[in-house]
$ cat run.txt   # compact mmCIF, C-alpha atoms
# COMPACT_ATOMS: atom_id res chain seq x y z
CA MET A 1 374.94 50.27 -127.46
CA VAL A 2 376.20 52.31 -124.50
CA GLY A 3 372.86 53.91 -123.54
CA PHE A 4 372.59 52.49 -120.03
CA GLY A 5 370.92 54.31 -117.16
CA GLY A 6 367.48 55.36 -118.39
CA PRO A 7 366.19 58.62 -119.95
CA PRO A 8 368.55 61.08 -118.14
CA ALA A 9 371.59 59.12 -119.34
CA HIS A 10 370.15 58.81 -122.85
CA ILE A 11 369.41 62.53 -123.08
CA ALA A 12 372.88 63.48 -121.82
CA LEU A 13 374.52 61.11 -124.31
CA LEU A 14 372.43 62.39 -127.22
CA ARG A 15 373.31 65.98 -126.33
CA ARG A 16 377.01 65.18 -126.10
CA LEU A 17 377.01 63.38 -129.45
CA CYS A 18 374.59 65.51 -131.49
CA VAL A 19 375.17 69.01 -130.08
CA ASP A 20 378.55 69.22 -128.38
CA ARG A 21 380.65 66.86 -130.46
CA ARG A 22 379.21 66.69 -133.99
CA ARG A 23 377.17 69.93 -133.89
CA TRP A 24 374.33 68.40 -135.89
CA LEU A 25 371.83 70.42 -133.85
CA GLU A 26 371.89 73.83 -132.22
CA PRO A 27 371.46 73.77 -128.43
CA ARG A 28 368.05 75.49 -128.75
CA GLN A 29 366.85 72.88 -131.24
CA PHE A 30 367.87 70.08 -128.92
CA GLU A 31 366.23 71.67 -125.88
CA ASP A 32 363.02 72.21 -127.85
CA GLY A 33 363.12 68.53 -128.79
CA VAL A 34 363.49 67.53 -125.15
CA ALA A 35 360.55 69.75 -124.17
CA ALA A 36 358.29 68.52 -126.96
CA THR A 37 358.97 64.82 -126.42
CA ASN A 38 358.31 65.25 -122.70
CA LEU A 39 354.84 66.51 -123.59
CA LEU A 40 354.09 63.38 -125.60
CA PRO A 41 353.02 60.01 -124.25
CA GLY A 42 355.48 57.19 -124.74
CA PRO A 43 359.20 56.70 -123.96
CA ALA A 44 360.62 60.23 -124.17
CA SER A 45 364.26 59.27 -124.76
CA THR A 46 363.25 57.03 -127.70
CA GLN A 47 361.25 59.85 -129.21
CA LEU A 48 364.14 62.26 -128.67
CA ALA A 49 366.54 59.93 -130.49
CA ILE A 50 364.09 59.69 -133.40
CA TYR A 51 363.59 63.46 -133.35
CA THR A 52 367.29 64.32 -133.43
CA ALA A 53 367.71 61.99 -136.40
CA TRP A 54 364.70 63.65 -138.06
CA ARG A 55 366.29 67.07 -137.62
CA LEU A 56 369.39 65.80 -139.39
CA ARG A 57 368.00 63.74 -142.29
CA GLY A 58 364.22 63.98 -142.27
CA ARG A 59 361.96 60.95 -142.15
CA PRO A 60 364.49 58.45 -143.58
CA GLY A 61 366.98 59.60 -140.96
CA ALA A 62 364.34 59.29 -138.24
CA LEU A 63 363.68 55.68 -139.20
CA VAL A 64 367.37 54.78 -139.29
CA GLY A 65 368.23 56.67 -136.10
CA GLY A 66 365.25 55.32 -134.19
CA LEU A 67 365.93 51.73 -135.19
CA ALA A 68 369.59 52.12 -134.25
CA PHE A 69 368.50 53.31 -130.82
CA VAL A 70 365.99 50.51 -130.25
CA LEU A 71 367.40 47.38 -131.90
CA PRO A 72 370.63 46.70 -129.92
CA GLY A 73 368.79 46.60 -126.61
CA LEU A 74 365.94 44.60 -128.14
CA VAL A 75 368.31 41.90 -129.38
CA ALA A 76 370.06 41.79 -126.01
CA ILE A 77 366.87 41.59 -123.96
CA LEU A 78 365.34 38.84 -126.13
CA ALA A 79 368.51 36.78 -125.73
CA LEU A 80 368.41 37.29 -121.97
CA ALA A 81 364.68 36.48 -121.89
CA ALA A 82 365.42 33.14 -123.55
CA LEU A 83 367.98 32.46 -120.83
CA PHE A 84 365.94 33.58 -117.82
CA LEU A 85 362.48 32.35 -118.89
CA GLY A 86 363.46 28.92 -120.14
CA SER A 87 364.83 26.24 -117.81
CA PRO A 88 367.79 28.15 -116.39
CA PRO A 89 370.43 26.65 -114.10
CA LEU A 90 370.31 27.45 -110.41
CA TRP A 91 372.78 30.31 -110.54
CA VAL A 92 370.77 32.06 -113.27
CA ARG A 93 367.60 31.69 -111.22
CA GLY A 94 369.43 33.17 -108.25
CA ALA A 95 370.65 36.10 -110.32
CA GLY A 96 367.11 36.72 -111.56
CA ALA A 97 365.63 36.54 -108.08
CA GLY A 98 368.29 38.89 -106.71
CA GLY A 99 367.99 41.41 -109.52
CA GLY A 100 364.21 41.21 -109.41
CA ALA A 101 364.25 41.92 -105.69
CA ALA A 102 365.90 45.28 -106.35
CA VAL A 103 363.39 46.44 -108.97
CA ALA A 104 361.01 48.07 -106.47
CA ALA A 105 363.90 50.17 -105.14
CA VAL A 106 364.83 51.19 -108.69
CA ALA A 107 361.25 52.33 -109.32
CA LEU A 108 361.19 54.33 -106.08
CA ASP A 109 364.53 55.96 -106.92
CA ALA A 110 363.37 56.82 -110.44
CA GLY A 111 360.23 58.49 -109.13
CA LEU A 112 362.04 60.48 -106.46
CA ARG A 113 364.63 61.70 -108.96
CA LEU A 114 361.80 63.13 -111.08
CA LEU A 115 359.80 64.46 -108.15
CA GLY A 116 362.36 67.02 -106.91
CA PRO A 117 362.88 68.98 -110.16
CA ALA A 118 359.15 68.83 -110.98
CA TRP A 119 358.20 70.19 -107.56
CA GLN A 120 360.62 73.10 -107.94
CA ARG A 121 358.76 74.24 -111.06
CA VAL A 122 355.41 74.75 -109.30
CA SER A 123 354.33 77.47 -106.92
CA GLY A 124 351.25 78.95 -105.28
CA THR A 125 347.93 77.18 -105.68
CA ALA A 126 349.43 74.97 -108.39
CA SER A 127 351.39 73.16 -105.69
CA VAL A 128 348.15 71.88 -104.11
CA ALA A 129 346.99 70.45 -107.43
CA PHE A 130 350.45 68.96 -108.02
CA VAL A 131 350.31 67.09 -104.70
CA ALA A 132 346.76 65.87 -105.37
CA TYR A 133 347.63 64.55 -108.82
CA ALA A 134 350.84 62.90 -107.58
CA LEU A 135 348.98 61.18 -104.75
CA ALA A 136 346.27 60.00 -107.14
CA GLY A 137 348.88 58.50 -109.45
CA ALA A 138 350.72 56.84 -106.57
CA ALA A 139 347.52 55.35 -105.15
CA ALA A 140 346.39 54.08 -108.55
CA ALA A 141 349.74 52.42 -109.24
CA ALA A 142 349.82 50.84 -105.80
CA VAL A 143 346.22 49.61 -105.65
CA ILE A 144 344.50 49.57 -109.07
CA GLY A 145 347.30 49.23 -111.58
CA SER A 146 344.98 48.05 -114.35
CA TRP A 147 343.16 51.43 -114.24
CA LEU A 148 346.25 53.61 -113.97
CA VAL A 149 345.95 55.05 -117.48
CA VAL A 150 342.40 56.22 -116.73
CA VAL A 151 343.70 58.06 -113.65
CA LEU A 152 346.46 59.72 -115.70
CA PHE A 153 343.97 60.91 -118.30
CA GLY A 154 341.60 62.01 -115.56
CA CYS A 155 344.23 64.14 -113.86
CA GLY A 156 345.08 65.78 -117.16
CA ALA A 157 341.43 66.47 -117.91
CA LEU A 158 340.86 67.90 -114.42
CA GLU A 159 343.75 70.31 -114.87
CA LEU A 160 342.26 71.42 -118.19
CA LEU A 161 338.97 72.13 -116.44
CA ARG A 162 340.73 73.81 -113.53
CA ARG A 163 342.31 76.32 -115.87
CA ARG A 164 339.03 76.92 -117.70
CA THR A 165 340.58 76.22 -121.08
CA SER A 166 338.62 75.15 -124.12
CA ALA A 167 336.18 72.27 -123.84
CA ALA A 168 338.12 70.23 -126.37
CA LEU A 169 339.32 67.63 -123.91
CA LEU A 170 341.45 64.79 -125.11
CA GLN A 171 339.37 61.74 -125.87
CA PRO A 172 341.24 58.57 -124.95
CA GLY A 173 339.52 56.43 -127.56
CA VAL A 174 342.26 53.85 -127.38
CA LEU A 175 340.95 52.91 -123.96
CA LEU A 176 337.66 51.69 -125.38
CA GLY A 177 339.02 48.55 -126.92
CA ALA A 178 340.46 45.52 -125.22
CA ALA A 179 341.61 42.27 -126.71
CA GLY A 180 339.67 39.17 -125.76
CA THR A 181 341.11 36.35 -123.79
CA GLY A 182 344.83 36.34 -124.36
CA GLY A 183 346.07 35.65 -127.90
CA LEU A 184 348.27 37.82 -130.09
CA GLY A 185 345.55 40.46 -130.12
CA ALA A 186 345.81 40.76 -126.35
CA LEU A 187 349.59 40.95 -126.57
CA ALA A 188 349.38 43.71 -129.18
CA TRP A 189 346.93 45.64 -126.99
CA VAL A 190 349.16 45.39 -123.94
CA ALA A 191 352.16 46.50 -126.00
CA PHE A 192 350.21 49.42 -127.43
CA LYS A 193 349.28 50.63 -123.95
CA VAL A 194 352.93 50.40 -122.93
CA GLY A 195 354.20 52.35 -125.94
CA ALA A 196 351.47 54.95 -126.32
CA LEU A 197 350.48 55.72 -122.75
CA SER A 198 353.70 55.68 -120.71
CA TYR A 199 353.79 59.31 -119.60
CA GLY A 200 356.92 60.16 -117.65
CA GLY A 201 358.93 57.02 -118.44
CA GLY A 202 358.58 53.28 -118.73
CA PHE A 203 358.06 52.70 -115.00
CA VAL A 204 354.69 54.47 -115.21
CA ILE A 205 353.23 51.60 -117.15
CA VAL A 206 354.81 48.82 -115.05
CA PRO A 207 351.78 48.26 -112.76
CA LEU A 208 349.44 47.94 -115.73
CA MET A 209 351.86 45.67 -117.58
CA GLN A 210 352.29 43.55 -114.44
CA HIS A 211 348.52 43.21 -114.04
CA ASP A 212 348.01 42.12 -117.65
CA ALA A 213 351.03 39.84 -117.99
CA VAL A 214 350.77 38.13 -114.59
CA HIS A 215 347.22 38.33 -113.30
CA ARG A 216 344.99 38.74 -116.36
CA TYR A 217 346.60 36.65 -119.09
CA HIS A 218 348.96 34.54 -116.94
CA TRP A 219 351.80 34.72 -119.43
CA MET A 220 354.39 34.80 -116.65
CA THR A 221 354.78 34.64 -112.89
CA ASN A 222 355.51 37.61 -110.66
CA ALA A 223 359.11 36.47 -110.33
CA GLU A 224 359.50 36.26 -114.11
CA PHE A 225 357.97 39.71 -114.52
CA LEU A 226 360.42 41.18 -112.01
CA ASN A 227 363.22 39.53 -113.97
CA GLY A 228 361.88 41.21 -117.10
CA VAL A 229 361.87 44.67 -115.51
CA ALA A 230 365.41 44.11 -114.23
CA LEU A 231 366.55 43.02 -117.68
CA GLY A 232 364.99 46.16 -119.13
CA GLN A 233 367.22 48.19 -116.81
CA ILE A 234 370.53 46.41 -117.38
CA THR A 235 370.28 46.38 -121.18
CA PRO A 236 370.91 49.51 -123.27
CA GLY A 237 367.93 51.51 -124.41
CA PRO A 238 364.59 52.38 -122.80
CA VAL A 239 362.84 50.51 -119.97
CA VAL A 240 359.99 49.90 -122.41
CA HIS A 241 362.11 47.04 -123.75
CA THR A 242 360.60 45.10 -120.85
CA VAL A 243 357.53 44.58 -123.02
CA ALA A 244 359.65 42.35 -125.28
CA VAL A 245 360.19 40.00 -122.33
CA VAL A 246 356.43 39.92 -121.78
CA GLY A 247 355.96 39.17 -125.47
CA TYR A 248 358.56 36.40 -125.31
CA ALA A 249 356.76 34.83 -122.34
CA ALA A 250 353.46 35.00 -124.22
CA ALA A 251 354.53 33.75 -127.64
CA GLY A 252 358.27 33.18 -127.91
CA VAL A 253 360.61 35.24 -130.08
CA GLY A 254 357.79 36.16 -132.45
CA GLY A 255 355.76 37.49 -129.54
CA GLY A 256 358.71 39.51 -128.29
CA LEU A 257 359.25 41.08 -131.71
CA LEU A 258 355.52 41.79 -132.11
CA ALA A 259 355.34 43.43 -128.68
CA ALA A 260 358.37 45.60 -129.41
CA LEU A 261 357.02 46.60 -132.84
CA VAL A 262 353.65 47.66 -131.44
CA ALA A 263 355.14 49.37 -128.37
CA PHE A 264 357.62 51.51 -130.32
CA ALA A 265 355.37 52.26 -133.29
CA PRO A 266 353.62 55.23 -131.58
CA SER A 267 356.97 56.90 -130.87
CA PHE A 268 357.94 56.66 -134.53
CA GLY A 269 354.48 57.81 -135.55
CA PHE A 270 354.49 60.88 -133.30
CA VAL A 271 357.80 62.08 -134.75
CA LEU A 272 357.40 61.02 -138.38
CA LEU A 273 353.94 62.53 -138.66
CA GLY A 274 354.15 65.44 -136.26
CA ALA A 275 357.73 66.62 -135.72
CA ASP A 276 357.17 69.67 -137.89
CA GLN A 277 354.35 70.67 -135.52
CA PHE A 278 356.41 70.43 -132.33
CA ASP A 279 356.82 74.22 -132.19
CA ARG A 280 353.05 74.60 -132.00
CA LEU A 281 352.85 71.85 -129.40
CA LEU A 282 355.24 73.72 -127.12
CA VAL A 283 353.05 76.83 -127.04
CA ASN A 284 349.67 75.06 -126.92
CA ALA A 285 348.06 76.02 -123.60
CA ASP A 286 345.69 73.04 -123.58
CA VAL A 287 348.51 70.53 -124.10
CA ARG A 288 350.56 72.10 -121.35
CA ALA A 289 347.58 72.18 -118.99
CA PHE A 290 346.84 68.51 -119.66
CA MET A 291 350.45 67.53 -119.00
CA ASP A 292 350.55 69.66 -115.84
CA GLY A 293 347.88 67.31 -114.54
CA ALA A 294 349.04 64.04 -116.07
CA GLY A 295 352.73 64.73 -115.38
CA PRO A 296 352.57 64.82 -111.56
CA ALA A 297 350.24 61.81 -111.63
CA ALA A 298 352.79 59.94 -113.72
CA ILE A 299 355.58 60.75 -111.26
CA GLY A 300 353.40 59.60 -108.40
CA ALA A 301 352.64 56.43 -110.33
CA ILE A 302 356.34 55.66 -110.67
CA VAL A 303 356.75 55.93 -106.91
CA GLY A 304 353.58 53.94 -106.32
CA SER A 305 354.68 51.18 -108.67
CA ALA A 306 357.21 50.16 -106.02
CA VAL A 307 354.32 48.76 -103.95
CA PRO A 308 353.11 45.98 -106.29
CA LEU A 309 356.69 45.26 -107.32
CA GLY A 310 357.71 44.82 -103.69
CA LEU A 311 354.65 42.72 -102.87
CA ALA A 312 355.53 40.39 -105.76
CA LEU A 313 358.61 39.09 -103.90
CA ASP A 314 358.13 35.60 -102.50
CA GLN A 315 361.38 34.72 -100.70
CA TRP A 316 362.43 36.11 -97.32
CA TRP A 317 365.93 36.96 -98.42
CA GLN A 318 364.67 39.09 -101.30
CA ALA A 319 363.34 41.60 -98.75
CA ILE A 320 366.88 41.99 -97.44
CA VAL A 321 368.24 42.51 -100.95
CA LEU A 322 365.47 45.05 -101.62
CA ALA A 323 366.38 46.99 -98.47
CA GLY A 324 370.06 46.97 -99.42
CA ALA A 325 369.28 48.14 -102.95
CA ALA A 326 367.12 50.98 -101.63
CA ALA A 327 369.89 52.02 -99.26
CA VAL A 328 372.62 52.23 -101.92
CA LEU A 329 370.35 53.90 -104.48
CA LEU A 330 368.95 56.54 -102.17
CA LEU A 331 371.93 57.31 -99.90
CA PRO A 332 375.30 57.03 -101.71
CA ARG A 333 373.34 57.32 -105.00
CA TRP A 334 374.65 54.26 -106.78
CA GLY A 335 373.71 53.88 -110.40
CA VAL A 336 370.86 51.57 -111.40
CA VAL A 337 372.98 49.12 -113.38
CA PRO A 338 375.63 48.56 -110.64
CA THR A 339 372.84 48.15 -108.08
CA LEU A 340 371.02 45.54 -110.15
CA LEU A 341 374.23 43.66 -110.91
CA ALA A 342 375.15 43.65 -107.21
CA ALA A 343 371.66 42.41 -106.31
CA GLY A 344 371.96 39.66 -108.91
CA ALA A 345 375.34 38.64 -107.54
CA ALA A 346 373.88 38.53 -104.03
CA GLY A 347 371.11 36.27 -105.30
CA ILE A 348 373.63 33.89 -106.84
CA VAL A 349 375.57 33.64 -103.59
CA ILE A 350 372.42 33.07 -101.52
CA VAL A 351 370.90 30.32 -103.65
CA LEU A 352 374.22 28.51 -104.13
CA ALA A 353 374.57 28.59 -100.35
CA GLY A 354 371.22 26.83 -100.03
CA GLY A 355 368.75 29.71 -99.95
CA PRO A 356 365.29 29.12 -101.46
CA VAL A 357 364.44 30.33 -104.94

$ encode --input "run.txt" --output "structure tokens"
Amino acid sequence: MVGFGGPPAHIALLRRLCVDRRRWLEPRQFEDGVAATNLLPGPASTQLAIYTAWRLRGRPGALVGGLAFVLPGLVAILALAALFLGSPPLWVRGAGAGGGAAVAAVALDAGLRLLGPAWQRVSGTASVAFVAYALAGAAAAAVIGSWLVVVLFGCGALELLRRRTSAALLQPGVLLGAAGTGGLGALAWVAFKVGALSYGGGFVIVPLMQHDAVHRYHWMTNAEFLNGVALGQITPGPVVHTVAVVGYAAAGVGGGLLAALVAFAPSFGFVLLGADQFDRLLVNADVRAFMDGAGPAAIGAIVGSAVPLGLALDQWWQAIVLAGAAAVLLLPRWGVVPTLLAAGAAGIVIVLAGGPV
């Protein structure tokens, strides 16, 4: 219930609780878990929580620990979705518009925080490939969000070819299917893409989720989607919780629960079915080569996602709030939650003073 702040905060809290305080895991076991879950698609901090519970009590423990990590934030975000997506009073609409205005800055900050450490790990000719993959991811997120996953897989495959590894390239069969015109099947498909393909964090999948929820299926407006992303940041747990807001907009509480179930199922599946193979995963040259291509593209995509999120703003004053949020996130390094709360408060003041919403 106190896991605010995204994957870095979640990982630090899990380490403090499971390694330093209770000594359930050895430091090496925890670090191996962090490395392995970062190689997998999906929300890494969710998978790490499931993995640490698996190390302690096997598969039953993984189920209990994973649900304990996911459910508090899910309940909170569904309650907030009901408030923000219904017929909210003016002050709530102002808070949503203000918080939503800051989301693009949050995405930019998240990408830049990942970019520095990742760049420090590359050298020589690998740096050229890193830049190319990051730019490809950024461009895809900014311009063709609906095809972002194809670009991520493509960058991974190119890096496999570049290193002349085996010809056994990953086959993204899940990309071959698409649900028809917008019912529960479409919602399940969108949620699956969010949960199974979000390399590098939940913000990677935001452009694709925005395209499907707003432009393809018309479940929500751009403003409502920005509210959903903001709510995913100010509630405990992973950003992927945003998909529950999309599900709520599509089909009420049942849709929100369905979207969350489908989105988090791959994370449980990866750990429950494959945790005992994580040691092999860490030394698999093909997996590492693929992620050395997909990883930089994912970081670039997080940065690039700020473009469609910023373009979704429709009130003049939101641009000012966005600029202020970027300033406090990037310069004095405010936290995400205080920034979003301040942006929401600014929105309340502006609309109550007569500003448009």

$ residues_around --input "run.txt" --residues "A:Leu309" --least-positions-apart "2" --cutoff "8 Å" --atoms "all atoms listed in the file" --output "list in words"
Val103, Ala104, Pro207, Leu226, Ser305, Ala306, Val307, Leu311, Ala312 and Leu313 of chain A

$ closest_residue --input "run.txt" --among "A:Leu187, A:Ile205, A:Ala289, A:Ile302" --to "A:Leu160" --atoms "all atoms listed in the file"
A:Ala289

$ atom_distance --input "run.txt" --atom1 "atom CA of A:Thr242" --atom2 "atom CA of A:Val194"
9.6 Å

$ residues_around --input "run.txt" --residues "A:Leu281" --least-positions-apart "6" --cutoff "10 Å" --atoms "all atoms listed in the file" --output "JSON, numbers by chain"
{"A": [35, 36, 37, 39, 40, 274, 275, 287, 288]}

$ atom_distance --input "run.txt" --atom1 "atom CA of A:Thr339" --atom2 "atom CA of A:Leu231"
12.6 Å

$ closest_residue --input "run.txt" --among "A:Val283, A:Leu48, A:Val34, A:Leu208" --to "A:Val150" --atoms "all atoms listed in the file"
A:Leu208

$ atom_distance --input "run.txt" --atom1 "atom CA of A:Val262" --atom2 "atom CA of A:Phe192"
5.6 Å

$ closest_residue --input "run.txt" --among "A:Thr221, A:Ala230, A:Gly355, A:Val122" --to "A:Ala343" --atoms "only C-alpha atoms"
A:Ala230

$ closest_residue --input "run.txt" --among "A:Leu112, A:Cys155, A:Leu261, A:Ala129" --to "A:Trp189" --atoms "all atoms listed in the file"
A:Leu261

$ closest_residue --input "run.txt" --among "A:Arg59, A:Arg162, A:Lys193, A:His211" --to "A:Phe264" --atoms "all atoms listed in the file"
A:Lys193

$ closest_residue --input "run.txt" --among "A:Phe278, A:Gln120, A:Ala76, A:Gly99" --to "A:His241" --atoms "all atoms listed in the file"
A:Ala76

$ residues_around --input "run.txt" --residues "A:Val204" --least-positions-apart "5" --cutoff "8 Å" --atoms "all atoms listed in the file" --output "ChimeraX atom specification"
/A:198-199,298-299,301-302,305

$ residues_around --input "run.txt" --residues "A:Asp109" --least-positions-apart "2" --cutoff "10 Å" --atoms "all atoms listed in the file" --output "MDAnalysis selection string"
chainID A and resid 103:107 111:115 302:303 306 325:326 329:330 333 336

$ residues_around --input "run.txt" --residues "A:Ala134" --least-positions-apart "3" --cutoff "7 Å" --atoms "all atoms listed in the file" --output "ChimeraX atom specification"
/A:130-131,137-138,296-297,299-300

$ closest_atom_pairs --input "run.txt" --of "stretch 199-234 of chain A" --to "stretch 246-257 of chain A" --cutoff "10 Å" --atoms "all atoms listed in the file" --output "Markdown table"
| residue | atom | partner | partner_atom | distance |
| --- | --- | --- | --- | --- |
| A:Met209 | CA | A:Val246 | CA | 8.5 |
| A:Gln210 | CA | A:Val246 | CA | 9.2 |
| A:Asp212 | CA | A:Val246 | CA | 9.6 |
| A:Ala213 | CA | A:Val246 | CA | 6.6 |
| A:Val214 | CA | A:Val246 | CA | 9.3 |
| A:Tyr217 | CA | A:Ala250 | CA | 8.7 |
| A:His218 | CA | A:Ala250 | CA | 8.6 |
| A:Trp219 | CA | A:Ala250 | CA | 5.1 |
| A:Met220 | CA | A:Ala249 | CA | 6.2 |
| A:Thr221 | CA | A:Ala249 | CA | 9.7 |
| A:Glu224 | CA | A:Ala249 | CA | 8.8 |
| A:Phe225 | CA | A:Val246 | CA | 7.4 |
| A:Gly228 | CA | A:Val246 | CA | 7.3 |
| A:Val229 | CA | A:Val246 | CA | 9.6 |
